[in-house]
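Have a look at the structure below before the remarks.
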Amino acid sequence: MLWSLLKILVFVAVVLALAWGAGWLLEYDGAGMRLTFNGQEFTFTALQAVLALMALLVALWVLLKIVSFLVALVRFVNGDETAISRYFDRNRERKGFQALSDGLMALASGEGKLAMAKAAKADRYLNKPELTNLLTAQAAEMAGDREKAEAVYKKLVANEKTRFVGVRGVMKQRLAEGDTDTALKLAERAFAIKPKHEETQDILLKLQADHGDWAGARKTLNAKLKSGNLPRDVHRRREAVLALSEAREVAADGRTIEQRETAIEANRLSPELIPAAVMAARSYIEQGKSKYATRVIKKAWEAQPHPDLAATFAAINPDETPADRIKRFQHLTRLASDHRETKLLLAELNIAAEDFPGARRALGDLAETDPDTRTLTIMAAIERGEGASDAVVKGWLARALNAPRGPHWVCDNCSNIQNEWTATCTNCGALDTLSWKTPPAEAASSNADSAMLPLIVGAIEDHSGKDMAAQDSVLAGRAMHNGPTMGEKLAEDTEPDTMAGKLAQDAKPTMAEKLAEDAEIVGEDTVRA
């Protein structure tokens, strides 16, 4: 406000001074300016002298401008930068940026060929390949000219400023072609240029997981954590998944000690990861540390009961009697007493001890409220053990043939069903997406049309060589489940004087063999129907 007032006062003062000066010049009667030129004398009043001086200054300014223009013209013709050249440069730049803008709009509209034409025009006007080459490459990809796109991306690689963009573009082309080996090398190079780029981190992590480079994947995962692109809890979980996969790899190479350490580390990072808990517990069992193994299994069971955990818990003391096993398993089953898996486990333990009423009580109403292949075959075993008629047993087996498969490893991303856990889905390749749950109804439909056998026994060893049908039924039953079930493993760990041991050794037809024969008949009837 004060500054505005000051400017107004200065303006008024200048106007007053000019007015006073003009008035003084008009009223001045003294001699003005006398000029002699070529023998003639010219006399000017004071006002005329001032006006003549001003005209002279204007003429001098015009003359200087003309001379400056002529000098600029000569320099322009000579190729030097001048105001004229800058004018034409600004004009070319304006046209170039307009062409670049039109090319981007064409690219966004899906007009690949038009975008390529605009990109070529922009390159001609701008001469800035770091701007126009990227547009050209993307337009060429959209137009289906992959060779031109790759050639332009390679030009970008040659420029240090655009090297990352070029490497990334070639990498994506290799991924689209299915050349994952080359794509992995390019992803590593792009990661070295920009280690904090989230998309590059994700692509590199996936490629490393697909190629089984678990150590490299763990380094990439740590980089995601440091750059803030991954929450800490998710990092711990995926670090455990990668550590478990690395432990499996070193176990396949025969490096037992390293495998144990890595498995224990994976369990430490994510105690609720079932495969890590199983491997860590078995590592402790091999070292004779049963207390540590028990602790690991109990913690994982509390998070989510699983048949593999029960089988590993049984392996801690494989020589115990069925009664002792039921008693020892109470420490495990009371952690999640209402869980479905706990009820099935208790039913199988009681069947192994030939306590069929206890098995029925443990199973509860699962056969009616939540029936699946495993539940119904266990129910068939209970009925057979209690001396039910063949019609009753065959009825349960008939229901089991068309029952849902029960919980499996299911991918949360694509609903793919797997029998064994892996770090990446075998269908979509997503990392750490497998969950132990009941598959969707449409994906879980059972195609079984062969015989079924209760899950509480393993493969029946037929010493007589006469009951091949029963053994085939056992194998068919196994094929429908996640490998050897918990009940089969329990039966293998049980002494020969138990029911499972007798089933494997008696030469005469046993309850399990009769169930297999009944299931085979039911399967044949179903096929005929």
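Quick note on naming: the chains in the structure tokens go A, B, ... in the order shown, residues restart at 1 in each chain, and ligands are numbered from 1 in order of appearance.
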Exercise: stretch 330-340 of chain A partners within 9 Å, only C-alpha atoms, chain neighbours under 5 positions left out, as an mmCIF file with all heavy atoms, in the first residue's frame:
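Output file selection.cif is given in full below:
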```cif
data_model
loop_
_atom_site.group_PDB
_atom_site.id
_atom_site.type_symbol
_atom_site.label_atom_id
_atom_site.label_comp_id
_atom_site.auth_asym_id
_atom_site.auth_seq_id
_atom_site.Cartn_x
_atom_site.Cartn_y
_atom_site.Cartn_z
ATOM 1 N N THR A 294 7.851 -80.449 19.044
ATOM 2 C CA THR A 294 6.494 -80.343 19.599
ATOM 3 C C THR A 294 6.045 -78.890 19.677
ATOM 4 O O THR A 294 4.909 -78.548 19.329
ATOM 5 C CB THR A 294 6.445 -80.986 20.986
ATOM 6 O OG1 THR A 294 6.834 -82.358 20.889
ATOM 7 C CG2 THR A 294 5.058 -80.894 21.582
ATOM 8 N N ILE A 297 5.151 -77.563 16.151
ATOM 9 C CA ILE A 297 3.897 -78.110 15.627
ATOM 10 C C ILE A 297 2.696 -77.526 16.359
ATOM 11 O O ILE A 297 1.678 -77.188 15.747
ATOM 12 C CB ILE A 297 3.912 -79.643 15.723
ATOM 13 C CG1 ILE A 297 4.992 -80.206 14.796
ATOM 14 C CG2 ILE A 297 2.560 -80.226 15.337
ATOM 15 C CD1 ILE A 297 5.219 -81.684 14.963
ATOM 16 N N LYS A 298 2.807 -77.391 17.659
ATOM 17 C CA LYS A 298 1.681 -76.871 18.437
ATOM 18 C C LYS A 298 1.367 -75.425 18.052
ATOM 19 O O LYS A 298 0.193 -75.037 17.941
ATOM 20 C CB LYS A 298 1.988 -76.974 19.929
ATOM 21 C CG LYS A 298 1.958 -78.406 20.453
ATOM 22 C CD LYS A 298 2.433 -78.498 21.895
ATOM 23 C CE LYS A 298 1.463 -77.839 22.846
ATOM 24 N NZ LYS A 298 1.872 -78.019 24.263
ATOM 25 N N TRP A 301 -0.286 -75.599 14.642
ATOM 26 C CA TRP A 301 -1.617 -76.196 14.754
ATOM 27 C C TRP A 301 -2.608 -75.203 15.346
ATOM 28 O O TRP A 301 -3.778 -75.163 14.955
ATOM 29 C CB TRP A 301 -1.534 -77.448 15.619
ATOM 30 C CG TRP A 301 -2.825 -78.219 15.704
ATOM 31 C CD1 TRP A 301 -3.852 -78.023 16.582
ATOM 32 C CD2 TRP A 301 -3.223 -79.301 14.855
ATOM 33 N NE1 TRP A 301 -4.852 -78.908 16.348
ATOM 34 C CE2 TRP A 301 -4.508 -79.718 15.292
ATOM 35 C CE3 TRP A 301 -2.630 -79.959 13.796
ATOM 36 C CZ2 TRP A 301 -5.189 -80.763 14.690
ATOM 37 C CZ3 TRP A 301 -3.309 -81.000 13.194
ATOM 38 C CH2 TRP A 301 -4.574 -81.403 13.637
ATOM 39 N N GLU A 302 -2.138 -74.402 16.280
ATOM 40 C CA GLU A 302 -3.018 -73.398 16.883
ATOM 41 C C GLU A 302 -3.450 -72.364 15.846
ATOM 42 O O GLU A 302 -4.576 -71.861 15.885
ATOM 43 C CB GLU A 302 -2.295 -72.710 18.037
ATOM 44 C CG GLU A 302 -3.187 -71.814 18.881
ATOM 45 C CD GLU A 302 -2.468 -71.297 20.107
ATOM 46 O OE1 GLU A 302 -1.244 -71.526 20.217
ATOM 47 O OE2 GLU A 302 -3.124 -70.663 20.951
ATOM 48 N N ALA A 303 -2.536 -72.053 14.888
ATOM 49 C CA ALA A 303 -2.882 -71.109 13.827
ATOM 50 C C ALA A 303 -3.823 -71.739 12.811
ATOM 51 O O ALA A 303 -4.826 -71.131 12.427
ATOM 52 C CB ALA A 303 -1.613 -70.604 13.136
ATOM 53 N N GLN A 304 -3.511 -72.981 12.367
ATOM 54 C CA GLN A 304 -4.369 -73.693 11.426
ATOM 55 C C GLN A 304 -4.039 -75.184 11.459
ATOM 56 O O GLN A 304 -2.975 -75.591 11.009
ATOM 57 C CB GLN A 304 -4.221 -73.176 9.992
ATOM 58 C CG GLN A 304 -5.115 -73.941 9.020
ATOM 59 C CD GLN A 304 -5.179 -73.284 7.671
ATOM 60 O OE1 GLN A 304 -4.464 -72.346 7.388
ATOM 61 N NE2 GLN A 304 -6.057 -73.779 6.813
ATOM 62 N N PRO A 305 -4.939 -76.009 11.971
ATOM 63 C CA PRO A 305 -4.709 -77.460 11.965
ATOM 64 C C PRO A 305 -4.567 -77.989 10.542
ATOM 65 O O PRO A 305 -5.242 -77.517 9.616
ATOM 66 C CB PRO A 305 -5.969 -78.012 12.650
ATOM 67 C CG PRO A 305 -6.483 -76.885 13.481
ATOM 68 C CD PRO A 305 -6.168 -75.644 12.700
ATOM 69 N N ALA A 310 -0.181 -83.126 11.908
ATOM 70 C CA ALA A 310 -0.491 -84.301 12.729
ATOM 71 C C ALA A 310 0.437 -85.456 12.396
ATOM 72 O O ALA A 310 0.900 -86.174 13.298
ATOM 73 C CB ALA A 310 -1.952 -84.708 12.510
ATOM 74 N N PHE A 313 3.707 -84.756 13.958
ATOM 75 C CA PHE A 313 3.610 -84.945 15.405
ATOM 76 C C PHE A 313 3.645 -86.429 15.759
ATOM 77 O O PHE A 313 4.222 -86.830 16.773
ATOM 78 C CB PHE A 313 2.308 -84.303 15.905
ATOM 79 C CG PHE A 313 2.241 -84.158 17.400
ATOM 80 C CD1 PHE A 313 3.041 -83.258 18.068
ATOM 81 C CD2 PHE A 313 1.359 -84.928 18.147
ATOM 82 C CE1 PHE A 313 2.973 -83.111 19.443
ATOM 83 C CE2 PHE A 313 1.279 -84.802 19.524
ATOM 84 C CZ PHE A 313 2.095 -83.894 20.172
ATOM 85 N N ARG A 325 -0.676 -93.000 21.864
ATOM 86 C CA ARG A 325 -0.702 -91.934 20.864
ATOM 87 C C ARG A 325 -1.912 -91.022 21.073
ATOM 88 O O ARG A 325 -1.806 -89.797 20.961
ATOM 89 C CB ARG A 325 -0.714 -92.539 19.463
ATOM 90 C CG ARG A 325 -0.837 -91.527 18.352
ATOM 91 C CD ARG A 325 -0.352 -92.082 17.044
ATOM 92 N NE ARG A 325 1.084 -92.332 17.081
ATOM 93 C CZ ARG A 325 1.801 -92.827 16.071
ATOM 94 N NH1 ARG A 325 1.183 -93.158 14.955
ATOM 95 N NH2 ARG A 325 3.089 -93.018 16.181
ATOM 96 N N LEU A 345 -8.957 -85.896 12.934
ATOM 97 C CA LEU A 345 -7.761 -86.508 13.518
ATOM 98 C C LEU A 345 -8.128 -87.458 14.650
ATOM 99 O O LEU A 345 -7.647 -88.600 14.716
ATOM 100 C CB LEU A 345 -6.823 -85.409 14.020
ATOM 101 C CG LEU A 345 -5.636 -85.863 14.876
ATOM 102 C CD1 LEU A 345 -4.726 -86.784 14.082
ATOM 103 C CD2 LEU A 345 -4.860 -84.660 15.404
ATOM 104 N N LEU A 346 -9.002 -87.008 15.547
ATOM 105 C CA LEU A 346 -9.405 -87.863 16.668
ATOM 106 C C LEU A 346 -10.137 -89.106 16.165
ATOM 107 O O LEU A 346 -9.950 -90.206 16.714
ATOM 108 C CB LEU A 346 -10.301 -87.068 17.621
ATOM 109 C CG LEU A 346 -9.590 -85.994 18.454
ATOM 110 C CD1 LEU A 346 -10.608 -85.167 19.239
ATOM 111 C CD2 LEU A 346 -8.586 -86.640 19.404
ATOM 112 N N LEU A 363 -15.994 -87.828 15.453
ATOM 113 C CA LEU A 363 -16.385 -87.304 14.146
ATOM 114 C C LEU A 363 -17.610 -86.412 14.252
ATOM 115 O O LEU A 363 -17.742 -85.441 13.502
ATOM 116 C CB LEU A 363 -16.638 -88.461 13.182
ATOM 117 C CG LEU A 363 -16.821 -88.097 11.713
ATOM 118 C CD1 LEU A 363 -15.549 -87.464 11.161
ATOM 119 C CD2 LEU A 363 -17.192 -89.329 10.896
ATOM 120 N N LEU A 366 -20.076 -84.329 11.279
ATOM 121 C CA LEU A 366 -19.387 -83.838 10.085
ATOM 122 C C LEU A 366 -19.861 -84.547 8.820
ATOM 123 O O LEU A 366 -19.909 -83.943 7.747
ATOM 124 C CB LEU A 366 -17.869 -84.021 10.224
ATOM 125 C CG LEU A 366 -17.145 -83.042 11.139
ATOM 126 C CD1 LEU A 366 -15.652 -83.356 11.175
ATOM 127 C CD2 LEU A 366 -17.374 -81.613 10.686
ATOM 128 N N ASP A 370 -20.899 -81.354 6.974
ATOM 129 C CA ASP A 370 -19.771 -80.947 6.129
ATOM 130 C C ASP A 370 -19.142 -82.182 5.477
ATOM 131 O O ASP A 370 -17.980 -82.510 5.719
ATOM 132 C CB ASP A 370 -18.730 -80.192 6.973
ATOM 133 C CG ASP A 370 -17.659 -79.542 6.120
ATOM 134 O OD1 ASP A 370 -17.848 -79.465 4.897
ATOM 135 O OD2 ASP A 370 -16.634 -79.114 6.684
#
```
| field | For stretch 114-128 of chain A: contacts at 9 Å, only C-alpha atoms, fewer than 5 positions along chain excluded, given as a list in words | value | Asp89, Arg92, Glu93, Arg94, Lys95, Gly96, Phe97, Gln98, Ala99, Leu100, Ser101, Asp102, Gly103, Leu104, Met105, Ala106, Leu107, Asn133, Leu135, Thr136, Ala137, Gln138, Ala139, Ala140 and Ala143 of chain A
| task | Looking only at strand (DSSP E) from DSSP on the backbone, list the matching residues of stretch 10-99 of chain A as a PyMOL selection string. | result | chain A and resi 33-37+40-44
Saved selection, atoms kept: N, CA, C and O atoms, as a CSV table (one decimal), in the first residue's frame:
```csv
chain,number,residue,atom,x,y,z
A,33,MET,N,19.6,28.2,-30.0
A,33,MET,CA,20.8,27.5,-30.6
A,33,MET,C,21.0,28.0,-32.0
A,33,MET,O,20.1,28.1,-32.8
A,34,ARG,N,22.3,28.3,-32.3
A,34,ARG,CA,22.6,28.8,-33.7
A,34,ARG,C,23.5,27.7,-34.3
A,34,ARG,O,24.5,27.3,-33.8
A,35,LEU,N,23.1,27.3,-35.6
A,35,LEU,CA,23.8,26.3,-36.3
A,35,LEU,C,24.2,26.8,-37.7
A,35,LEU,O,23.3,27.3,-38.4
A,36,THR,N,25.5,26.7,-38.1
A,36,THR,CA,25.9,27.1,-39.4
A,36,THR,C,26.3,25.8,-40.1
A,36,THR,O,27.1,25.0,-39.7
A,37,PHE,N,25.8,25.7,-41.4
A,37,PHE,CA,26.0,24.5,-42.2
A,37,PHE,C,26.1,25.0,-43.7
A,37,PHE,O,25.1,25.6,-44.2
A,40,GLN,N,25.4,28.5,-44.5
A,40,GLN,CA,24.0,29.0,-44.1
A,40,GLN,C,23.9,28.9,-42.6
A,40,GLN,O,24.5,28.0,-42.0
A,41,GLU,N,23.2,29.8,-42.0
A,41,GLU,CA,23.1,29.9,-40.6
A,41,GLU,C,21.6,29.6,-40.2
A,41,GLU,O,20.7,30.2,-40.8
A,42,PHE,N,21.5,28.8,-39.2
A,42,PHE,CA,20.2,28.4,-38.7
A,42,PHE,C,20.1,28.7,-37.2
A,42,PHE,O,21.0,28.4,-36.5
A,43,THR,N,19.0,29.4,-36.9
A,43,THR,CA,18.8,29.8,-35.5
A,43,THR,C,17.6,29.0,-35.0
A,43,THR,O,16.5,29.1,-35.6
A,44,PHE,N,17.7,28.4,-33.8
A,44,PHE,CA,16.6,27.6,-33.2
A,44,PHE,C,16.3,28.2,-31.8
A,44,PHE,O,17.3,28.6,-31.1
```
| request: Would you please work out which residue, of A:Asp210, A:Glu420, A:Glu160, A:Glu198, is nearest to A:Asp181 when using only C-alpha atoms? | output: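 With only C-alpha atoms as the atom set, the closest residue is A:Asp210.
Comparing A:Thr369, A:Arg399, A:Leu56, A:Pro129 by their smallest distance to A:Lys161, the closest is A:Pro129 (using only C-alpha atoms).
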